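S.K.: Just entry.cif, nothing more (mmCIF, C-alpha atoms and all ligand atoms):
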data_run
loop_
_atom_site.label_atom_id
_atom_site.label_comp_id
_atom_site.auth_asym_id
_atom_site.auth_seq_id
_atom_site.Cartn_x
_atom_site.Cartn_y
_atom_site.Cartn_z
CA MET A 1182 -62.49 85.90 78.74
CA GLU A 1183 -59.56 85.73 76.28
CA LEU A 1184 -61.31 85.71 72.88
CA PRO A 1185 -60.29 86.35 70.13
CA LYS A 1186 -56.84 84.79 69.83
CA GLY A 1187 -55.78 85.77 66.32
CA LYS A 1188 -55.92 84.08 62.96
CA VAL A 1189 -54.29 80.74 62.19
CA CYS A 1190 -54.43 78.35 59.25
CA VAL A 1191 -54.70 74.55 59.39
CA THR A 1192 -53.78 72.71 56.17
CA GLY A 1193 -55.75 69.61 55.15
CA ALA A 1194 -58.48 70.72 57.59
CA SER A 1195 -60.94 67.95 56.70
CA GLY A 1196 -58.57 65.13 57.75
CA TYR A 1197 -58.76 63.02 60.91
CA LEU A 1198 -56.23 64.93 63.03
CA ALA A 1199 -56.70 68.35 61.40
CA SER A 1200 -60.48 68.30 62.02
CA TRP A 1201 -59.85 67.73 65.72
CA LEU A 1202 -57.25 70.51 65.75
CA VAL A 1203 -59.69 72.90 64.05
CA LYS A 1204 -62.31 72.04 66.68
CA LYS A 1205 -59.80 72.70 69.47
CA LEU A 1206 -58.62 76.02 67.99
CA LEU A 1207 -62.21 77.25 67.56
CA LEU A 1208 -63.00 76.32 71.18
CA LEU A 1209 -59.91 78.25 72.27
CA GLY A 1210 -61.14 81.36 70.46
CA TYR A 1211 -58.95 81.41 67.34
CA ASN A 1212 -60.12 82.57 63.95
CA VAL A 1213 -59.35 79.56 61.79
CA ILE A 1214 -58.70 79.27 58.08
CA GLY A 1215 -58.88 75.63 57.02
CA THR A 1216 -57.48 74.60 53.67
CA VAL A 1217 -59.19 71.77 51.83
CA ARG A 1218 -58.91 70.51 48.28
CA ASP A 1219 -62.62 70.94 47.57
CA PRO A 1220 -64.58 73.33 49.84
CA GLY A 1221 -67.75 72.45 47.90
CA ASN A 1222 -67.60 68.77 48.85
CA TYR A 1223 -70.07 68.74 51.75
CA LYS A 1224 -69.43 65.07 52.46
CA LYS A 1225 -65.82 65.94 53.26
CA VAL A 1226 -66.26 69.34 54.96
CA GLY A 1227 -69.76 69.17 56.49
CA HIS A 1228 -68.43 68.08 59.89
CA LEU A 1229 -66.22 71.20 59.99
CA LEU A 1230 -69.07 73.58 59.15
CA GLU A 1231 -71.09 72.05 62.01
CA LEU A 1232 -68.40 72.67 64.66
CA GLU A 1233 -69.15 75.07 67.52
CA SER A 1234 -68.27 78.67 66.48
CA ALA A 1235 -67.57 77.57 62.89
CA LYS A 1236 -70.14 80.02 61.51
CA GLU A 1237 -68.40 82.94 63.21
CA ARG A 1238 -64.74 81.95 63.07
CA LEU A 1239 -64.02 79.23 60.50
CA GLN A 1240 -63.39 79.87 56.82
CA LEU A 1241 -62.55 77.11 54.33
CA VAL A 1242 -60.18 77.96 51.49
CA LYS A 1243 -59.22 75.76 48.54
CA ALA A 1244 -55.55 74.76 48.35
CA ASP A 1245 -53.56 71.84 46.98
CA LEU A 1246 -50.10 70.82 48.15
CA LEU A 1247 -49.05 70.12 44.58
CA GLU A 1248 -49.88 73.61 43.25
CA GLU A 1249 -47.14 76.16 43.75
CA GLY A 1250 -48.42 79.25 45.58
CA SER A 1251 -51.72 77.52 46.34
CA PHE A 1252 -51.69 78.54 50.03
CA ASP A 1253 -50.99 82.29 49.51
CA GLN A 1254 -54.65 83.30 49.80
CA ALA A 1255 -55.27 81.06 52.83
CA PHE A 1256 -52.25 82.37 54.74
CA ASP A 1257 -53.00 86.05 54.11
CA GLY A 1258 -53.07 87.84 57.49
CA CYS A 1259 -52.49 84.63 59.53
CA HIS A 1260 -50.28 84.69 62.61
CA GLY A 1261 -49.60 80.99 62.59
CA VAL A 1262 -49.79 77.97 60.31
CA PHE A 1263 -50.38 74.33 61.32
CA HIS A 1264 -49.23 72.26 58.37
CA VAL A 1265 -50.98 68.96 58.97
CA ALA A 1266 -51.86 67.80 55.42
CA SER A 1267 -49.83 64.90 54.08
CA PRO A 1268 -50.78 61.69 52.32
CA ILE A 1269 -51.34 58.70 54.57
CA VAL A 1270 -50.15 55.65 52.70
CA VAL A 1271 -52.78 53.21 51.64
CA ALA A 1272 -52.12 50.33 49.26
CA ASP A 1273 -51.62 51.06 45.57
CA LEU A 1274 -50.54 54.69 45.86
CA ASP A 1275 -47.83 55.71 43.40
CA LEU A 1276 -44.66 56.40 45.41
CA LYS A 1277 -43.46 59.57 43.73
CA THR A 1278 -46.61 61.34 42.56
CA GLU A 1279 -48.99 60.40 45.35
CA ILE A 1280 -46.72 60.13 48.41
CA LEU A 1281 -43.35 61.84 48.10
CA ASP A 1282 -44.38 64.88 46.01
CA PRO A 1283 -47.26 66.01 48.25
CA ALA A 1284 -45.28 65.26 51.41
CA VAL A 1285 -41.93 66.81 50.48
CA ASN A 1286 -42.64 69.33 47.70
CA GLY A 1287 -46.02 70.09 49.29
CA THR A 1288 -44.30 70.99 52.57
CA LEU A 1289 -41.81 73.21 50.74
CA ASN A 1290 -44.67 74.83 48.83
CA VAL A 1291 -46.40 75.58 52.15
CA LEU A 1292 -43.18 77.00 53.65
CA ARG A 1293 -42.52 79.19 50.58
CA CYS A 1294 -46.03 80.63 51.00
CA CYS A 1295 -45.25 81.21 54.71
CA LYS A 1296 -42.06 83.05 53.77
CA ARG A 1297 -44.00 85.38 51.47
CA ASN A 1298 -46.38 86.22 54.30
CA PRO A 1299 -44.70 88.32 57.02
CA SER A 1300 -47.68 88.17 59.41
CA ILE A 1301 -46.88 84.47 60.09
CA LYS A 1302 -44.87 84.22 63.29
CA ARG A 1303 -44.65 80.46 63.77
CA VAL A 1304 -45.24 77.32 61.71
CA VAL A 1305 -46.10 74.02 63.39
CA LEU A 1306 -45.53 70.99 61.17
CA THR A 1307 -47.05 67.58 61.86
CA SER A 1308 -44.32 65.00 61.38
CA SER A 1309 -44.43 61.48 62.85
CA THR A 1310 -42.52 59.05 65.04
CA ALA A 1311 -42.00 57.30 61.69
CA ALA A 1312 -39.37 60.00 61.06
CA VAL A 1313 -37.51 58.88 64.22
CA ARG A 1314 -37.75 55.13 64.70
CA ALA A 1315 -36.95 53.54 61.31
CA ARG A 1316 -33.33 52.80 62.25
CA ASP A 1317 -31.27 49.70 62.79
CA ASP A 1318 -28.25 51.30 64.41
CA PHE A 1319 -29.37 52.32 67.91
CA ASP A 1320 -28.98 50.93 71.40
CA PRO A 1321 -32.49 49.67 72.35
CA SER A 1322 -31.77 50.23 76.04
CA ILE A 1323 -31.68 54.01 75.38
CA PRO A 1324 -35.10 55.51 74.51
CA LEU A 1325 -35.17 57.34 71.19
CA ASP A 1326 -35.57 61.09 71.53
CA GLU A 1327 -35.86 64.12 69.25
CA SER A 1328 -32.22 63.81 68.18
CA SER A 1329 -33.02 60.57 66.33
CA TRP A 1330 -33.78 60.48 62.59
CA SER A 1331 -35.03 57.55 60.58
CA SER A 1332 -32.56 56.21 58.04
CA VAL A 1333 -33.53 57.06 54.45
CA GLN A 1334 -31.58 54.01 53.23
CA LEU A 1335 -33.39 51.68 55.65
CA CYS A 1336 -36.80 53.11 54.70
CA GLN A 1337 -35.98 52.48 51.04
CA LYS A 1338 -34.65 48.99 51.76
CA LEU A 1339 -37.74 48.03 53.80
CA LYS A 1340 -40.05 49.88 51.36
CA VAL A 1341 -41.66 51.81 54.23
CA TRP A 1342 -42.79 54.69 52.05
CA TYR A 1343 -44.79 56.56 54.66
CA ALA A 1344 -41.76 56.70 56.98
CA LEU A 1345 -39.64 57.78 54.04
CA SER A 1346 -42.09 60.57 53.11
CA LYS A 1347 -42.29 61.89 56.68
CA THR A 1348 -38.51 61.75 57.15
CA LEU A 1349 -37.74 63.52 53.87
CA ALA A 1350 -40.51 66.09 54.41
CA GLU A 1351 -39.38 66.99 57.92
CA ARG A 1352 -35.72 67.17 56.93
CA ALA A 1353 -36.60 69.43 53.98
CA ALA A 1354 -38.73 71.61 56.26
CA TRP A 1355 -35.90 72.13 58.76
CA LYS A 1356 -33.43 72.98 56.01
CA PHE A 1357 -35.80 75.50 54.42
CA ALA A 1358 -36.77 77.03 57.79
CA GLU A 1359 -33.14 77.47 58.84
CA GLU A 1360 -32.14 79.00 55.49
CA ASN A 1361 -35.12 81.35 55.42
CA GLY A 1362 -35.51 82.41 59.07
CA ILE A 1363 -38.87 80.67 59.64
CA ASP A 1364 -39.80 79.87 63.26
CA LEU A 1365 -40.66 76.17 62.81
CA VAL A 1366 -41.67 73.66 65.47
CA THR A 1367 -42.46 70.04 64.61
CA VAL A 1368 -44.76 67.59 66.40
CA LEU A 1369 -44.07 63.86 66.00
CA PRO A 1370 -47.09 61.79 67.03
CA SER A 1371 -47.19 58.03 67.20
CA PHE A 1372 -50.33 56.12 66.06
CA ILE A 1373 -53.26 58.44 66.77
CA ILE A 1374 -56.29 56.91 68.52
CA GLY A 1375 -59.53 58.57 69.57
CA PRO A 1376 -62.82 59.90 68.31
CA SER A 1377 -63.10 60.74 64.63
CA LEU A 1378 -65.03 63.74 63.30
CA PRO A 1379 -65.06 63.22 59.48
CA ARG A 1380 -68.12 61.38 58.12
CA ASP A 1381 -65.93 59.00 56.13
CA LEU A 1382 -63.25 57.29 58.21
CA SER A 1383 -59.62 58.18 57.46
CA ALA A 1384 -57.05 55.47 56.72
CA THR A 1385 -56.00 55.44 60.40
CA ALA A 1386 -59.53 55.27 61.81
CA SER A 1387 -60.45 52.58 59.23
CA ASN A 1388 -57.50 50.49 60.35
CA VAL A 1389 -58.54 50.75 63.99
CA LEU A 1390 -62.12 49.85 63.07
CA ALA A 1391 -60.85 46.82 61.13
CA LEU A 1392 -58.85 45.72 64.18
CA LEU A 1393 -61.90 46.11 66.43
CA LYS A 1394 -63.94 44.03 63.98
CA GLY A 1395 -61.57 41.08 63.95
CA ASP A 1396 -59.24 41.91 61.04
CA SER A 1397 -55.50 42.42 61.30
CA PRO A 1398 -54.76 45.56 59.24
CA ILE A 1399 -51.22 45.84 57.87
CA SER A 1400 -50.40 49.11 59.66
CA LEU A 1401 -51.17 47.52 63.04
CA ARG A 1402 -49.52 44.19 62.33
CA ASP A 1403 -46.18 45.83 62.55
CA GLY A 1404 -44.78 44.72 65.89
CA ARG A 1405 -44.13 47.48 68.36
CA MET A 1406 -46.08 50.73 68.14
CA GLY A 1407 -46.63 53.90 70.17
CA TYR A 1408 -50.18 55.19 70.68
CA VAL A 1409 -51.47 58.65 71.55
CA HIS A 1410 -54.91 60.22 72.10
CA ILE A 1411 -56.05 62.48 69.24
CA ASP A 1412 -56.92 65.24 71.72
CA ASP A 1413 -53.39 65.06 73.16
CA VAL A 1414 -51.95 65.49 69.67
CA ALA A 1415 -54.15 68.53 69.02
CA CYS A 1416 -53.31 70.00 72.45
CA CYS A 1417 -49.61 69.44 71.77
CA HIS A 1418 -49.87 71.38 68.48
CA VAL A 1419 -51.52 74.29 70.32
CA LEU A 1420 -49.03 74.18 73.19
CA VAL A 1421 -45.95 74.34 70.96
CA TYR A 1422 -47.60 77.10 68.92
CA GLU A 1423 -48.47 79.23 71.94
CA ASP A 1424 -45.44 78.62 74.16
CA ALA A 1425 -42.61 80.95 73.14
CA LYS A 1426 -40.13 78.52 74.76
CA ALA A 1427 -41.05 75.71 72.37
CA LYS A 1428 -38.24 74.99 69.96
CA GLY A 1429 -37.32 72.17 67.59
CA ARG A 1430 -38.98 68.75 67.46
CA TYR A 1431 -41.47 67.25 69.97
CA LEU A 1432 -42.20 63.54 70.24
CA CYS A 1433 -45.87 63.07 71.13
CA SER A 1434 -46.59 59.50 72.23
CA SER A 1435 -48.18 58.03 75.33
CA THR A 1436 -48.00 54.22 75.48
CA ILE A 1437 -45.88 51.76 73.49
CA LEU A 1438 -47.16 48.20 73.08
CA GLU A 1439 -46.19 45.10 71.15
CA ASN A 1440 -49.08 44.23 68.83
CA TYR A 1441 -49.94 41.07 70.81
CA GLU A 1442 -50.06 43.21 73.98
CA LEU A 1443 -52.46 45.58 72.23
CA THR A 1444 -54.81 42.78 71.17
CA SER A 1445 -54.76 41.19 74.67
CA PHE A 1446 -55.59 44.59 76.14
CA LEU A 1447 -58.45 45.11 73.66
CA LYS A 1448 -59.87 41.61 74.21
CA GLU A 1449 -59.94 42.10 77.95
CA ARG A 1450 -61.37 45.62 77.85
CA TYR A 1451 -63.99 45.03 75.15
CA PRO A 1452 -65.09 41.39 75.60
CA ASN A 1453 -68.09 41.94 73.31
CA LEU A 1454 -65.89 42.77 70.34
CA THR A 1455 -64.16 40.13 68.21
CA ILE A 1456 -60.47 40.97 68.24
CA SER A 1457 -57.99 38.85 66.26
CA SER A 1458 -54.77 37.68 67.86
CA PHE A 1459 -51.50 38.86 66.38
CA GLY A 1460 -48.40 36.70 66.27
CA LYS A 1461 -45.13 38.01 67.68
CA HIS A 1462 -43.12 40.00 65.15
CA PRO A 1463 -39.35 40.15 65.25
CA ARG A 1464 -39.27 43.95 65.28
CA PRO A 1465 -36.58 45.83 67.18
CA TYR A 1466 -37.37 46.96 70.69
CA TYR A 1467 -37.49 50.72 71.21
CA GLU A 1468 -38.83 53.21 73.71
CA LEU A 1469 -39.58 56.89 73.13
CA ASN A 1470 -38.40 59.62 75.45
CA THR A 1471 -41.11 62.30 75.66
CA PHE A 1472 -39.54 64.37 78.46
CA LYS A 1473 -39.10 67.35 76.15
CA LEU A 1474 -42.86 67.76 75.74
CA GLU A 1475 -43.55 66.86 79.38
CA ASN A 1476 -41.08 69.59 80.42
CA LEU A 1477 -43.47 72.11 78.81
CA GLY A 1478 -46.07 70.92 81.35
CA PHE A 1479 -47.75 68.33 79.11
CA THR A 1480 -49.38 65.15 80.41
CA PHE A 1481 -50.64 62.25 78.26
CA ARG A 1482 -53.91 60.35 78.48
CA SER A 1483 -53.91 56.60 79.06
CA ILE A 1484 -54.32 53.83 76.48
CA GLU A 1485 -57.68 53.01 78.15
CA GLU A 1486 -58.99 56.54 77.54
CA MET A 1487 -57.79 56.54 73.91
CA PHE A 1488 -59.60 53.33 73.01
CA ASP A 1489 -62.69 54.02 75.16
CA ASP A 1490 -63.18 57.34 73.32
CA CYS A 1491 -62.46 55.70 69.98
CA VAL A 1492 -64.89 52.80 70.53
CA GLU A 1493 -67.61 55.16 71.76
CA SER A 1494 -67.21 57.40 68.71
CA LEU A 1495 -67.28 54.43 66.28
CA LYS A 1496 -70.45 53.20 67.98
CA GLU A 1497 -72.06 56.65 67.81
CA GLN A 1498 -71.24 56.85 64.09
CA GLY A 1499 -72.77 53.42 63.53
CA TYR A 1500 -69.53 51.71 62.51
CA LEU A 1501 -69.41 49.33 65.47
N1 LIG B 1 -52.95 59.13 61.77
C1 LIG B 1 -51.88 58.88 62.50
O1 LIG B 1 -51.84 57.93 63.29
C2 LIG B 1 -50.69 59.78 62.38
C3 LIG B 1 -49.57 59.54 63.20
C4 LIG B 1 -48.47 60.39 63.12
C5 LIG B 1 -48.50 61.47 62.25
N2 LIG B 1 -49.60 61.70 61.46
C6 LIG B 1 -49.60 62.84 60.57
O2 LIG B 1 -50.74 63.63 60.86
C7 LIG B 1 -51.18 64.30 59.67
C8 LIG B 1 -52.65 64.04 59.45
O3 LIG B 1 -52.87 62.64 59.34
P1 LIG B 1 -54.35 62.04 59.38
O4 LIG B 1 -54.26 60.69 59.99
O5 LIG B 1 -55.27 63.05 59.95
O6 LIG B 1 -54.61 61.81 57.82
P2 LIG B 1 -55.87 62.10 56.90
O7 LIG B 1 -57.14 62.02 57.64
O8 LIG B 1 -55.69 61.23 55.70
O9 LIG B 1 -55.63 63.60 56.49
C9 LIG B 1 -54.62 63.94 55.58
C10 LIG B 1 -55.01 65.24 54.95
O10 LIG B 1 -54.03 65.60 53.97
C11 LIG B 1 -54.71 66.10 52.86
N3 LIG B 1 -53.97 65.96 51.62
C12 LIG B 1 -53.41 64.85 51.11
N4 LIG B 1 -52.86 65.14 49.92
C13 LIG B 1 -53.10 66.45 49.70
C14 LIG B 1 -52.81 67.36 48.64
N5 LIG B 1 -52.16 66.99 47.53
N6 LIG B 1 -53.20 68.67 48.77
C15 LIG B 1 -53.88 69.08 49.86
N7 LIG B 1 -54.19 68.26 50.88
C16 LIG B 1 -53.80 66.98 50.78
C17 LIG B 1 -55.98 65.29 52.78
O11 LIG B 1 -56.92 65.99 52.03
P3 LIG B 1 -58.18 65.27 51.34
O12 LIG B 1 -59.16 65.08 52.45
O13 LIG B 1 -58.61 66.24 50.29
O14 LIG B 1 -57.68 63.96 50.79
C18 LIG B 1 -56.36 65.17 54.23
O15 LIG B 1 -57.13 66.26 54.64
C19 LIG B 1 -50.27 63.81 58.54
O16 LIG B 1 -49.22 64.73 58.37
C20 LIG B 1 -49.73 62.49 59.09
O17 LIG B 1 -48.52 62.13 58.51
C21 LIG B 1 -50.70 60.87 61.51
#
Show how you would write the structure in this file as structure tokens.
Ligand SMILES: NC(=O)c1ccc[n+]([C@@H]2O[C@H](COP(=O)([O-])OP(=O)(O)OC[C@H]3O[C@@H](n4cnc5c(N)ncnc54)[C@H](OP(=O)(O)O)[C@@H]3O)[C@@H](O)[C@H]2O)c1
M.R.:
Amino acid sequence: MELPKGKVCVTGASGYLASWLVKKLLLLGYNVIGTVRDPGNYKKVGHLLELESAKERLQLVKADLLEEGSFDQAFDGCHGVFHVASPIVVADLDLKTEILDPAVNGTLNVLRCCKRNPSIKRVVLTSSTAAVRARDDFDPSIPLDESSWSSVQLCQKLKVWYALSKTLAERAAWKFAEENGIDLVTVLPSFIIGPSLPRDLSATASNVLALLKGDSPISLRDGRMGYVHIDDVACCHVLVYEDAKAKGRYLCSSTILENYELTSFLKERYPNLTISSFGKHPRPYYELNTFKLENLGFTFRSIEEMFDDCVESLKEQGYL
């Protein structure tokens, strides 16, 4: 038996992905500090307190990305930090104050707190394939890999603010880490599908639910998209944290589909659900090269498993 595995912090612990990562880390024997904006809000944190081993090895600490030094207390004595928190863009958010500041300045705030805390040996940052694929200058016959960066100008021109926030945040993180000797590794998931732990559905899970109930949510209308199982994304975070060989950026994406391929797949697999049809969108073709992660021994789950687990969880929670 390998327990315990040391102390790590997960930022934005109550979110969709972070909750699953906290669950995974607890199961693996870590002592976990989870930062949340309001530890007293049981509706938001109750699912974390109910996780296996949470009583013994999970502590929730208040921290806000927009408050300088806010993470100092949470990071005290931690060996690793998983910086997952970042705003997911929903309609009507103010670009600077609600998206770019928490994403970019929030990430720098987190890294400055890491720098002040010498016990932290590695920081894993959750970026996104949105920081890789918003480009109009690549050869579509060559899959995009970790050397690719989204174009800030194109993101601004297309008003794709989430992609802009993830690109600027990851670029700022790399610059700060290199200048300050921080061992940083970044994980770049595509659209995350799977079971959801929070009581209220996140923006991503709500969009998937809408799709499964016959709507065509904006974030899934967008032509070609990569999909990845939430458990794979959590496992990838743990792998690149634990494996000393891990270095740089890691694309984390299993299956890429055009949106009309996704809806045909869903209609066939779940004939009892009402799935809308999407029209074809003139979006550029791209593939993602995930060899770098696979070379660390990683294997991805299938699109069938992602959606089966997602549908089952939505049914269990009474949403479907
Ligand atoms: N979902 C996807 O398909 C996907 C794909 C690729 C990458 N990612 C990345 O994965 C990460 C998690 O995404 P998610 O889908 O799990 O989103 P989520 O459920 O909305 O979680 C985001 C978390 O960030 C926290 N947060 C936002 N603003 C904050 C602030 N000012 N201070 C402190 N915390 C703040 C939120 O806290 P509150 O609960 O207090 O609001 C929430 O816990 C993000 O970095 C996202 O960019 C997601």
S.K.: Name each residue within 7 Å of ligand LIG 1 (chain B), counting only C-alpha atoms and all ligand atoms, as a CSV table (one decimal) with C-alpha atoms, in the frame of the given file.
M.R.:
chain,number,residue,atom,x,y,z
A,1192,THR,CA,-53.8,72.7,56.2
A,1193,GLY,CA,-55.8,69.6,55.2
A,1194,ALA,CA,-58.5,70.7,57.6
A,1195,SER,CA,-60.9,68.0,56.7
A,1196,GLY,CA,-58.6,65.1,57.8
A,1197,TYR,CA,-58.8,63.0,60.9
A,1198,LEU,CA,-56.2,64.9,63.0
A,1199,ALA,CA,-56.7,68.4,61.4
A,1217,VAL,CA,-59.2,71.8,51.8
A,1218,ARG,CA,-58.9,70.5,48.3
A,1219,ASP,CA,-62.6,70.9,47.6
A,1225,LYS,CA,-65.8,65.9,53.3
A,1244,ALA,CA,-55.6,74.8,48.4
A,1245,ASP,CA,-53.6,71.8,47.0
A,1246,LEU,CA,-50.1,70.8,48.2
A,1247,LEU,CA,-49.0,70.1,44.6
A,1265,VAL,CA,-51.0,69.0,59.0
A,1266,ALA,CA,-51.9,67.8,55.4
A,1267,SER,CA,-49.8,64.9,54.1
A,1268,PRO,CA,-50.8,61.7,52.3
A,1269,ILE,CA,-51.3,58.7,54.6
A,1283,PRO,CA,-47.3,66.0,48.2
A,1307,THR,CA,-47.0,67.6,61.9
A,1308,SER,CA,-44.3,65.0,61.4
A,1309,SER,CA,-44.4,61.5,62.8
A,1310,THR,CA,-42.5,59.0,65.0
A,1347,LYS,CA,-42.3,61.9,56.7
A,1369,LEU,CA,-44.1,63.9,66.0
A,1370,PRO,CA,-47.1,61.8,67.0
A,1371,SER,CA,-47.2,58.0,67.2
A,1372,PHE,CA,-50.3,56.1,66.1
A,1373,ILE,CA,-53.3,58.4,66.8
A,1374,ILE,CA,-56.3,56.9,68.5
A,1383,SER,CA,-59.6,58.2,57.5
A,1384,ALA,CA,-57.0,55.5,56.7
A,1385,THR,CA,-56.0,55.4,60.4
S.K.: Give me, please, the distance in Å between CA of Thr1216 in chain A and CA of Gln1240 in chain A, quoted to one decimal.
M.R.: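 These atoms are spaced 8.5 Å apart.
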S.K.: Can you tell me which residues surround Cys1294 in chain A at a distance of at most 9 Å, considering only C-alpha atoms, apart from same-chain residues fewer than 5 positions away, and format the answer as an NGL selection string?
M.R.: :A and (1249-1253 or 1256 or 1289)
S.K.: Let's have the selection written as an mmCIF file, keeping the file's coordinate frame, with C-alpha atoms.
M.R.:
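The resulting again02.cif:
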data_model
loop_
_atom_site.group_PDB
_atom_site.id
_atom_site.type_symbol
_atom_site.label_atom_id
_atom_site.label_comp_id
_atom_site.auth_asym_id
_atom_site.auth_seq_id
_atom_site.Cartn_x
_atom_site.Cartn_y
_atom_site.Cartn_z
ATOM 1 C CA GLU A 1249 -47.140 76.160 43.750
ATOM 2 C CA GLY A 1250 -48.420 79.250 45.580
ATOM 3 C CA SER A 1251 -51.720 77.520 46.340
ATOM 4 C CA PHE A 1252 -51.690 78.540 50.030
ATOM 5 C CA ASP A 1253 -50.990 82.290 49.510
ATOM 6 C CA PHE A 1256 -52.250 82.370 54.740
ATOM 7 C CA LEU A 1289 -41.810 73.210 50.740
#
S.K.: Hey, which of A:Tyr1211, A:Phe1319, A:Phe1459, A:Tyr1223 ends up closest to Leu1239 in chain A? Count only C-alpha atoms.
M.R.: A:Tyr1211
S.K.: Residues at most 12 Å from Gln1334 in chain A, counting only C-alpha atoms, excluding those fewer than 6 positions away in the same chain, as a list in words?
M.R.: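 Residues meeting the cut-off are Ala1315, Arg1316, Asp1317, Asp1318, Lys1340, Val1341, Trp1342, Ala1344, Leu1345, Thr1348 and Leu1349 of chain A.
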S.K.: With 6 Å as the threshold, what does the neighbourhood of (-43.6, 68.5, 53.8) contain in terms of residues, counting only C-alpha atoms? Coordinates are those of the file; answer as a ChimeraX atom specification.
M.R.: /A:1284-1285,1287-1289,1350
S.K.: Ranking A:Glu1360, A:Glu1279, A:Glu1237, A:Asp1381 by minimum distance to Gly1499 in chain A and counting only C-alpha atoms, which one comes first?
M.R.: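 Residue with the minimum atom-to-atom distance to Gly1499 in chain A: A:Asp1381.
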S.K.: How many Å lie between CA of Ala1386 in chain A and CA of Tyr1408 in chain A, rounded to one decimal?
M.R.: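 CA of Tyr1408 in chain A lies at a distance of 12.9 Å from CA of Ala1386 in chain A.
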S.K.: In Å, how far is it from CA of Val1189 in chain A to CA of Leu1306 in chain A?
M.R.: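 Interatomic distance here is 13.1 Å.
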S.K.: Of the residues A:Gly1429, A:Gly1375, A:Pro1220, A:Pro1299, which is the one nearest to Asp1257 in chain A, using all atoms listed in the file?
M.R.: A:Pro1299
S.K.: May I ask which of the residues A:Val1313, A:Leu1501, A:Ala1354, A:Leu1229 is the closest one to Leu1390 in chain A, counting all atoms listed in the file?
M.R.: A:Leu1501
S.K.: Anything within 10 Å of (-43.2, 51.3, 68.2): list those residues as a VMD selection string, counting all atoms listed in the file and sticking to the file's coordinates.
M.R.: chain A and resid 1310 to 1311 1314 to 1315 1371 to 1372 1403 to 1408 1434 1436 to 1440 1464 to 1469
S.K.: I'd like the contact shell of Leu1208 in chain A - 10 Å cut-off, all atoms listed in the file, skipping same-chain residues fewer than 6 positions apart - returned as a PyMOL selection string.
M.R.: chain A and resi 1184+1202+1232-1235
S.K.: Based on the selection just made, write C-alpha atoms of those residues as a CSV table (one decimal), keeping the file's coordinate frame.
M.R.:
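Below you can see part20.csv, which holds the result:
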chain,number,residue,atom,x,y,z
A,1184,LEU,CA,-61.3,85.7,72.9
A,1202,LEU,CA,-57.2,70.5,65.8
A,1232,LEU,CA,-68.4,72.7,64.7
A,1233,GLU,CA,-69.2,75.1,67.5
A,1234,SER,CA,-68.3,78.7,66.5
A,1235,ALA,CA,-67.6,77.6,62.9
S.K.: Using all atoms listed in the file, which residue out of A:Leu1382, A:Val1421, A:Leu1454, A:Ala1415 lies closest to Asp1396 in chain A?
M.R.: A:Leu1454
S.K.: Report, as AutoDock Vina command-line options, the centre and edge lengths in Å (one decimal) of the axis-aligned box enclosing every listed atom of range 1251-1254 of chain A, padded by 8 Å on each side.
M.R.:
--center_x -52.8 --center_y 80.4 --center_z 48.2 --size_x 19.7 --size_y 21.8 --size_z 19.7
S.K.: Report as a list in words all protein, DNA and RNA residues lying within 10 Å of Arg1450 in chain A, evaluated on all atoms listed in the file, omitting residues in the same chain fewer than 6 positions from it.
M.R.: Thr1444, Glu1485, Phe1488 and Asp1489 of chain A
S.K.: How would the residues just picked look written out with C-alpha atoms as an mmCIF file, in the coordinates of the input?
M.R.:
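Output saved as out.cif:
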data_model
loop_
_atom_site.group_PDB
_atom_site.id
_atom_site.type_symbol
_atom_site.label_atom_id
_atom_site.label_comp_id
_atom_site.auth_asym_id
_atom_site.auth_seq_id
_atom_site.Cartn_x
_atom_site.Cartn_y
_atom_site.Cartn_z
ATOM 1 C CA THR A 1444 -54.810 42.780 71.170
ATOM 2 C CA GLU A 1485 -57.680 53.010 78.150
ATOM 3 C CA PHE A 1488 -59.600 53.330 73.010
ATOM 4 C CA ASP A 1489 -62.690 54.020 75.160
#
